[in-house]
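**Q** One structure follows; several queries about it will come next.
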Amino acid sequence: MELGKRVALVTGGSRGIGKGIALGLGREGARVALSYRSNKAAAQNALRQLQALGCECFAVEADATNPERSDFLVRSVLERFQRLDVLVNNVGIFNWGTVADTTPDEWKRVLDSNLMSVFYTSKAALPPMRKQHWGRIINIGAVGAERAFGQATISAYAAAKASVVAFSRSLALEEAKNGITVNVVNPPNIDDKELSLEEARRTRDARFPVGRPPSADDIAAVVKFLASDSADYVTGQVVSVSGGWMM
């Protein structure tokens with residue numbers, strides 16, 4: 001699964017799942033760019049961990065829900081590394097709330113974060129990927145995109161993540177001729193995104209047939225495969241990394 005000198009961009013890569021994915025790609029030899037919205041300290045910490053692996057890396061402050069900043073983010077990667085091979089769209093906020101209680105602004109904020117950011121950054125990444133006739137777009141979804149999980153309070157989040165699946169499959173069809181694959185990785189719906197809290201373990205272990213909630217490394221392992229040459233023939237797919245939760 002060696003990624004050689006491939007260039008990977010991970011949005012929201014300063015902590016949680018995103019940081020785990022960035023570190024996983026860095027361990028495989030990829031050069032890594034990560035974006036963060038405001039937490040510079042977390043981004044610097046992630047960079048230190050990547051550098052300790054010998055990874056060539058840098059961070060860009062960019063709000064992926066803004067199309068101009070998404071364009072800037074991709075341009076920054078191209079200026080630094082002259083190419084972009086792997087895009088991992090990881091940005092996304094969680095929201096609890098019934099439809100009756102969700103305001104239009106809250107609904108829009110969740111869709112902007114989880115769906116529109118995927119569109120903006122993917123669109124910006126297509127020209128360089130098409131030019132090199134090789135690319136990997138990997139979108140981080142959620143098991144809640146497949147079905148509700150006993151909570152009638154995730155309508156905005158579930159709608160956004162389900163839309164990411166539909167978008168990804170359509171984009172996979174559009175870009176297959178250009179050597180670009182597009183896939184979705186669905187972790188469980190854990191709103192913290194760090195996936196290591198003791199509270200998550202206490203409350204959710206019983207829901208996972210494998211006996212534990214996932215770690216960021218579990219998600220990163222699947223992303224690494226989809227980013228590799230071994231996944232040339234895998235596109236338009238949704239891979240649930242949920243330890244059997246909700247089967």
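Going by the structure tokens order, chains are called A, B, ..., each with residues numbered from 1, while ligands are numbered from 1 in the order shown.
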Residues at most 9 Å from stretch 168-176 of chain A, counting only C-alpha atoms, excluding those fewer than 3 positions away in the same chain, as a VMD selection string?
**A** chain A and resid 126 130 137 to 139 163 to 165 179 to 184 235 to 238
**Q** Write the residues you've just listed into a file as a short mmCIF file (atom, residue, chain, number, x, y, z; two decimals), in the first residue's frame, and include N, CA and C atoms for each of them.
**A**
```cif
data_model
loop_
_atom_site.label_atom_id
_atom_site.label_comp_id
_atom_site.auth_asym_id
_atom_site.auth_seq_id
_atom_site.Cartn_x
_atom_site.Cartn_y
_atom_site.Cartn_z
N LEU A 126 -10.52 18.64 -9.41
CA LEU A 126 -10.66 17.90 -10.67
C LEU A 126 -9.65 18.32 -11.75
N ARG A 130 -7.40 15.52 -13.49
CA ARG A 130 -7.64 15.20 -14.90
C ARG A 130 -6.36 15.35 -15.72
N ILE A 137 -10.62 10.56 -4.96
CA ILE A 137 -11.45 11.40 -4.09
C ILE A 137 -12.15 10.46 -3.12
N ILE A 138 -11.91 10.67 -1.84
CA ILE A 138 -12.47 9.81 -0.81
C ILE A 138 -13.25 10.69 0.15
N ASN A 139 -14.55 10.48 0.21
CA ASN A 139 -15.42 11.30 1.02
C ASN A 139 -15.81 10.57 2.30
N SER A 163 -26.67 12.60 0.88
CA SER A 163 -26.40 13.34 -0.35
C SER A 163 -24.95 13.17 -0.79
N VAL A 164 -24.03 13.06 0.16
CA VAL A 164 -22.63 12.82 -0.17
C VAL A 164 -22.48 11.50 -0.92
N VAL A 165 -23.23 10.48 -0.50
CA VAL A 165 -23.19 9.18 -1.19
C VAL A 165 -23.68 9.33 -2.63
N GLY A 179 -9.54 8.65 -15.18
CA GLY A 179 -8.63 7.99 -14.25
C GLY A 179 -8.81 8.39 -12.80
N ILE A 180 -9.96 8.95 -12.48
CA ILE A 180 -10.24 9.43 -11.12
C ILE A 180 -11.30 8.52 -10.49
N THR A 181 -11.00 7.97 -9.33
CA THR A 181 -11.99 7.19 -8.60
C THR A 181 -12.58 8.03 -7.48
N VAL A 182 -13.83 7.72 -7.13
CA VAL A 182 -14.53 8.44 -6.07
C VAL A 182 -15.25 7.42 -5.20
N ASN A 183 -14.96 7.43 -3.92
CA ASN A 183 -15.56 6.47 -2.99
C ASN A 183 -15.92 7.15 -1.68
N VAL A 184 -16.72 6.46 -0.90
CA VAL A 184 -17.18 6.97 0.39
C VAL A 184 -16.80 5.99 1.49
N THR A 235 -14.54 2.06 -7.54
CA THR A 235 -15.06 3.42 -7.62
C THR A 235 -16.58 3.40 -7.46
N GLY A 236 -17.10 4.49 -6.94
CA GLY A 236 -18.53 4.60 -6.71
C GLY A 236 -19.03 3.74 -5.57
N GLN A 237 -18.15 3.35 -4.66
CA GLN A 237 -18.51 2.42 -3.60
C GLN A 237 -18.61 3.12 -2.25
N VAL A 238 -19.41 2.51 -1.38
CA VAL A 238 -19.58 2.98 -0.01
C VAL A 238 -19.09 1.88 0.92
#
```
**Q** DSSP on the backbone, strand (DSSP E or B) only: what residues of stretch 15-124 of chain A does that give? Format it as a VMD selection string.
**A** chain A and resid 31 to 36 57 to 61 86 to 89 97
**Q** So that I can see what lies close to stretch 100-114 of chain A, please list as an MDAnalysis selection string the residues with an atom at most 12 Å from it, counting only C-alpha atoms and leaving out residues fewer than 6 positions away in the same chain.
**A** chainID A and resid 11:12 37 63:67 89:94 120:121 139:142 145 152:165 167
**Q** Output N, CA and C atoms of each residue in that selection to a file, as a JSON list (two decimals), in the first residue's frame.
**A**
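Here's the written file out-v1.json:
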```json
[["chain", "number", "residue", "atom", "x", "y", "z"],
["A", 11, "THR", "N", -9.04, 17.49, 4.28],
["A", 11, "THR", "CA", -9.73, 18.63, 4.87],
["A", 11, "THR", "C", -10.11, 18.28, 6.30],
["A", 12, "GLY", "N", -10.05, 19.28, 7.16],
["A", 12, "GLY", "CA", -10.31, 19.01, 8.57],
["A", 12, "GLY", "C", -9.32, 18.02, 9.15],
["A", 37, "ARG", "N", -9.91, 25.08, 10.01],
["A", 37, "ARG", "CA", -10.70, 26.31, 9.91],
["A", 37, "ARG", "C", -10.20, 27.40, 10.84],
["A", 63, "ASP", "N", -11.60, 27.59, 5.20],
["A", 63, "ASP", "CA", -12.95, 27.12, 5.47],
["A", 63, "ASP", "C", -13.49, 26.47, 4.20],
["A", 64, "ALA", "N", -13.61, 25.15, 4.21],
["A", 64, "ALA", "CA", -14.02, 24.42, 3.00],
["A", 64, "ALA", "C", -15.46, 24.66, 2.62],
["A", 65, "THR", "N", -16.24, 25.33, 3.48],
["A", 65, "THR", "CA", -17.62, 25.65, 3.10],
["A", 65, "THR", "C", -17.68, 26.92, 2.25],
["A", 66, "ASN", "N", -16.52, 27.52, 2.01],
["A", 66, "ASN", "CA", -16.42, 28.71, 1.17],
["A", 66, "ASN", "C", -15.76, 28.31, -0.14],
["A", 67, "PRO", "N", -16.44, 28.46, -1.28],
["A", 67, "PRO", "CA", -15.85, 28.00, -2.54],
["A", 67, "PRO", "C", -14.53, 28.69, -2.89],
["A", 89, "ASN", "N", -12.17, 14.31, 1.70],
["A", 89, "ASN", "CA", -13.12, 15.30, 2.20],
["A", 89, "ASN", "C", -13.65, 14.83, 3.55],
["A", 90, "ASN", "N", -13.08, 15.38, 4.61],
["A", 90, "ASN", "CA", -13.40, 14.93, 5.96],
["A", 90, "ASN", "C", -14.19, 15.96, 6.76],
["A", 91, "VAL", "N", -14.22, 17.20, 6.30],
["A", 91, "VAL", "CA", -14.90, 18.25, 7.05],
["A", 91, "VAL", "C", -16.38, 17.90, 7.22],
["A", 92, "GLY", "N", -16.91, 18.18, 8.40],
["A", 92, "GLY", "CA", -18.33, 17.96, 8.62],
["A", 92, "GLY", "C", -18.71, 18.08, 10.07],
["A", 93, "ILE", "N", -19.69, 18.92, 10.37],
["A", 93, "ILE", "CA", -20.15, 19.07, 11.75],
["A", 93, "ILE", "C", -21.37, 18.19, 11.98],
["A", 94, "PHE", "N", -21.55, 17.81, 13.22],
["A", 94, "PHE", "CA", -22.68, 16.99, 13.64],
["A", 94, "PHE", "C", -23.73, 17.90, 14.26],
["A", 120, "TYR", "N", -17.39, 21.76, -3.30],
["A", 120, "TYR", "CA", -16.43, 22.82, -3.59],
["A", 120, "TYR", "C", -15.01, 22.28, -3.75],
["A", 121, "THR", "N", -14.59, 21.44, -2.80],
["A", 121, "THR", "CA", -13.20, 20.98, -2.83],
["A", 121, "THR", "C", -12.98, 19.97, -3.94],
["A", 139, "ASN", "N", -14.55, 10.48, 0.21],
["A", 139, "ASN", "CA", -15.42, 11.30, 1.02],
["A", 139, "ASN", "C", -15.81, 10.57, 2.30],
["A", 140, "ILE", "N", -15.68, 11.24, 3.42],
["A", 140, "ILE", "CA", -16.04, 10.64, 4.69],
["A", 140, "ILE", "C", -17.52, 10.90, 4.95],
["A", 141, "GLY", "N", -18.28, 9.82, 4.96],
["A", 141, "GLY", "CA", -19.71, 9.92, 5.19],
["A", 141, "GLY", "C", -20.07, 9.56, 6.61],
["A", 142, "ALA", "N", -21.12, 8.77, 6.76],
["A", 142, "ALA", "CA", -21.55, 8.31, 8.09],
["A", 142, "ALA", "C", -22.53, 7.18, 7.91],
["A", 145, "ALA", "N", -26.09, 7.76, 7.07],
["A", 145, "ALA", "CA", -26.55, 7.99, 5.70],
["A", 145, "ALA", "C", -27.28, 6.77, 5.17],
["A", 152, "ALA", "N", -34.06, 9.90, 16.59],
["A", 152, "ALA", "CA", -34.86, 10.68, 15.63],
["A", 152, "ALA", "C", -34.47, 12.14, 15.66],
["A", 153, "THR", "N", -33.18, 12.40, 15.73],
["A", 153, "THR", "CA", -32.73, 13.78, 15.91],
["A", 153, "THR", "C", -31.52, 14.10, 15.03],
["A", 154, "ILE", "N", -31.37, 13.43, 13.92],
["A", 154, "ILE", "CA", -30.18, 13.68, 13.08],
["A", 154, "ILE", "C", -30.57, 13.97, 11.64],
["A", 155, "SER", "N", -31.73, 14.56, 11.43],
["A", 155, "SER", "CA", -32.25, 14.71, 10.07],
["A", 155, "SER", "C", -31.32, 15.50, 9.17],
["A", 156, "ALA", "N", -30.80, 16.62, 9.65],
["A", 156, "ALA", "CA", -29.92, 17.45, 8.82],
["A", 156, "ALA", "C", -28.64, 16.70, 8.48],
["A", 157, "TYR", "N", -28.04, 16.09, 9.49],
["A", 157, "TYR", "CA", -26.78, 15.37, 9.29],
["A", 157, "TYR", "C", -26.98, 14.18, 8.36],
["A", 158, "ALA", "N", -28.05, 13.40, 8.60],
["A", 158, "ALA", "CA", -28.31, 12.22, 7.77],
["A", 158, "ALA", "C", -28.59, 12.63, 6.34],
["A", 159, "ALA", "N", -29.35, 13.72, 6.15],
["A", 159, "ALA", "CA", -29.65, 14.19, 4.80],
["A", 159, "ALA", "C", -28.37, 14.60, 4.07],
["A", 160, "ALA", "N", -27.49, 15.29, 4.78],
["A", 160, "ALA", "CA", -26.24, 15.73, 4.16],
["A", 160, "ALA", "C", -25.37, 14.54, 3.78],
["A", 161, "LYS", "N", -25.21, 13.58, 4.68],
["A", 161, "LYS", "CA", -24.35, 12.44, 4.41],
["A", 161, "LYS", "C", -24.94, 11.53, 3.35],
["A", 162, "ALA", "N", -26.25, 11.38, 3.31],
["A", 162, "ALA", "CA", -26.87, 10.60, 2.23],
["A", 162, "ALA", "C", -26.64, 11.28, 0.89],
["A", 163, "SER", "N", -26.67, 12.60, 0.88],
["A", 163, "SER", "CA", -26.40, 13.34, -0.35],
["A", 163, "SER", "C", -24.95, 13.17, -0.79],
["A", 164, "VAL", "N", -24.03, 13.06, 0.16],
["A", 164, "VAL", "CA", -22.63, 12.82, -0.17],
["A", 164, "VAL", "C", -22.48, 11.50, -0.92],
["A", 165, "VAL", "N", -23.23, 10.48, -0.50],
["A", 165, "VAL", "CA", -23.19, 9.18, -1.19],
["A", 165, "VAL", "C", -23.68, 9.33, -2.63],
["A", 167, "PHE", "N", -23.89, 12.06, -4.47],
["A", 167, "PHE", "CA", -22.93, 12.90, -5.19],
["A", 167, "PHE", "C", -21.71, 12.08, -5.60]]
```
**Q** Given only C-alpha atoms as the basis, pick out the residue of A:Val210, A:Ala227, A:Ala125, A:Ala22 nearest to A:Val10.
**A**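 The shortest atom-to-atom distance to A:Val10 comes from A:Ala22.
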**Q** Write out as number ranges by chain all residues of stretch 5-214 of chain A that backbone DSSP assigns to alpha helix (DSSP H).
**A** A: 16-27, 40-52, 67-81, 104-111, 117-132, 155-175, 198-204
